[in-house]
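Structure first, commentary second.
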Amino acid sequence: MIARIKFKDGFLVPLHSHVHEQVTQVISGSMRFWFGENKEQTMDLYPGDVVVIPSNLPHEALMIGEVEEIDTWAPPRQDWLDKTDDYLRK
């Protein structure tokens with residue numbers, strides 16, 4: 001499953017995890033990721049950067065500036081298809 005997403009500056013995707021492997025590529029703006037239950041690892045991504053997030057790894061992301069990015073998940077995100085991804089829609 002592939003999604004091209006635009007976020008406003010300051011938008012926070014709260015700490016969550018899922019069974020899907022996720023690949024995120026930043027097109028514009030920058031993203032700050034935290035990884036792990038206690039957010040032990042931090043990574044900043046800039047245009048052209050890519051990160052692979054393994055299945056079940058807790059992660060959080062803060063948008064710095066207007067962000068456009070592409071996410072790819074395997075397997076497809078059923079919670080996105082049926083709109084039950086409450087962690088992102090609140």
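By order of appearance in the structure tokens: chains A, B, ..., then residues from 1 within every chain, and ligands from 1 in the order shown.
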Next item on the list: Please provide as a ChimeraX atom specification all residues within 12 Å of A:Met63, with the sequence filter that same-chain residues fewer than 5 positions apart are discarded (counting only C-alpha atoms).
Entry: /A:5-14,26,28-34,44-46,68-69
Note to self: To test your reading of the structure, identify every residue in chain A that backbone DSSP assigns to strand (DSSP E), and report it as number ranges by chain.
What the structure shows: A: 2-7, 12-16, 21-35, 41-45, 50-53, 59-74
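Across A:Asp71, A:Pro58, A:Pro76, A:Asp86, the tightest approach to A:His18 is made by A:Pro58 when counting only C-alpha atoms.
With distances taken over only C-alpha atoms, A:Ala74 is the one residue among A:Glu60, A:Ala74, A:Asp79, A:Asp49 lying closest to A:His20.
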Note to self: Which residues are close to A:Val19, i.e. within 12 Å by only C-alpha atoms, leaving aside same-chain residues fewer than 2 positions away? Reply as a list in words.
What the structure shows: His16, Ser17, Glu21, Gln22, Ile53, Pro54, Ser55, Asn56, Leu57, Pro58, Trp73, Ala74, Pro75, Pro76, Arg77, Gln78 and Asp79 of chain A
Residues of the last selection are to be written out with C-alpha atoms, as an mmCIF file, in the first residue's frame.
data_model
loop_
_atom_site.group_PDB
_atom_site.id
_atom_site.type_symbol
_atom_site.label_atom_id
_atom_site.label_comp_id
_atom_site.auth_asym_id
_atom_site.auth_seq_id
_atom_site.Cartn_x
_atom_site.Cartn_y
_atom_site.Cartn_z
ATOM 1 C CA HIS A 16 2.148 3.960 17.814
ATOM 2 C CA SER A 17 3.132 0.660 16.247
ATOM 3 C CA GLU A 21 6.688 -2.746 7.704
ATOM 4 C CA GLN A 22 6.752 0.943 6.727
ATOM 5 C CA ILE A 53 10.476 1.084 10.047
ATOM 6 C CA PRO A 54 10.298 -2.611 10.973
ATOM 7 C CA SER A 55 7.067 -4.302 11.954
ATOM 8 C CA ASN A 56 5.899 -3.598 15.541
ATOM 9 C CA LEU A 57 8.540 -0.905 16.243
ATOM 10 C CA PRO A 58 6.909 1.972 18.201
ATOM 11 C CA TRP A 73 3.366 -0.427 3.948
ATOM 12 C CA ALA A 74 3.383 -4.184 3.639
ATOM 13 C CA PRO A 75 0.920 -5.740 4.097
ATOM 14 C CA PRO A 76 -1.728 -3.101 3.208
ATOM 15 C CA ARG A 77 -3.147 -1.050 6.111
ATOM 16 C CA GLN A 78 -6.680 -2.315 6.684
ATOM 17 C CA ASP A 79 -7.144 0.335 9.410
#
Note to self: Residues of stretch 4-86 of chain A classed as helix (DSSP H, G or I) by DSSP on the backbone are to be reported as a PyMOL selection string.
What the structure shows: chain A and resi 78-81+86
Output N, CA, C and O atoms for every residue in the selection just made, as an mmCIF file, in the first residue's frame.
data_model
loop_
_atom_site.group_PDB
_atom_site.id
_atom_site.type_symbol
_atom_site.label_atom_id
_atom_site.label_comp_id
_atom_site.auth_asym_id
_atom_site.auth_seq_id
_atom_site.Cartn_x
_atom_site.Cartn_y
_atom_site.Cartn_z
ATOM 1 N N GLN A 78 -5.227 -2.183 6.632
ATOM 2 C CA GLN A 78 -6.680 -2.315 6.684
ATOM 3 C C GLN A 78 -7.305 -1.201 7.517
ATOM 4 O O GLN A 78 -8.376 -0.706 7.189
ATOM 5 N N ASP A 79 -6.599 -0.748 8.586
ATOM 6 C CA ASP A 79 -7.144 0.335 9.410
ATOM 7 C C ASP A 79 -7.265 1.638 8.614
ATOM 8 O O ASP A 79 -8.143 2.444 8.883
ATOM 9 N N TRP A 80 -6.422 1.854 7.618
ATOM 10 C CA TRP A 80 -6.553 3.026 6.747
ATOM 11 C C TRP A 80 -7.718 2.833 5.786
ATOM 12 O O TRP A 80 -8.461 3.762 5.520
ATOM 13 N N LEU A 81 -7.868 1.641 5.289
ATOM 14 C CA LEU A 81 -8.946 1.368 4.340
ATOM 15 C C LEU A 81 -10.325 1.504 4.982
ATOM 16 O O LEU A 81 -11.253 2.029 4.370
ATOM 17 N N ASP A 86 -7.529 5.628 14.381
ATOM 18 C CA ASP A 86 -7.853 6.738 15.285
ATOM 19 C C ASP A 86 -6.626 7.504 15.771
ATOM 20 O O ASP A 86 -6.698 8.706 16.014
#
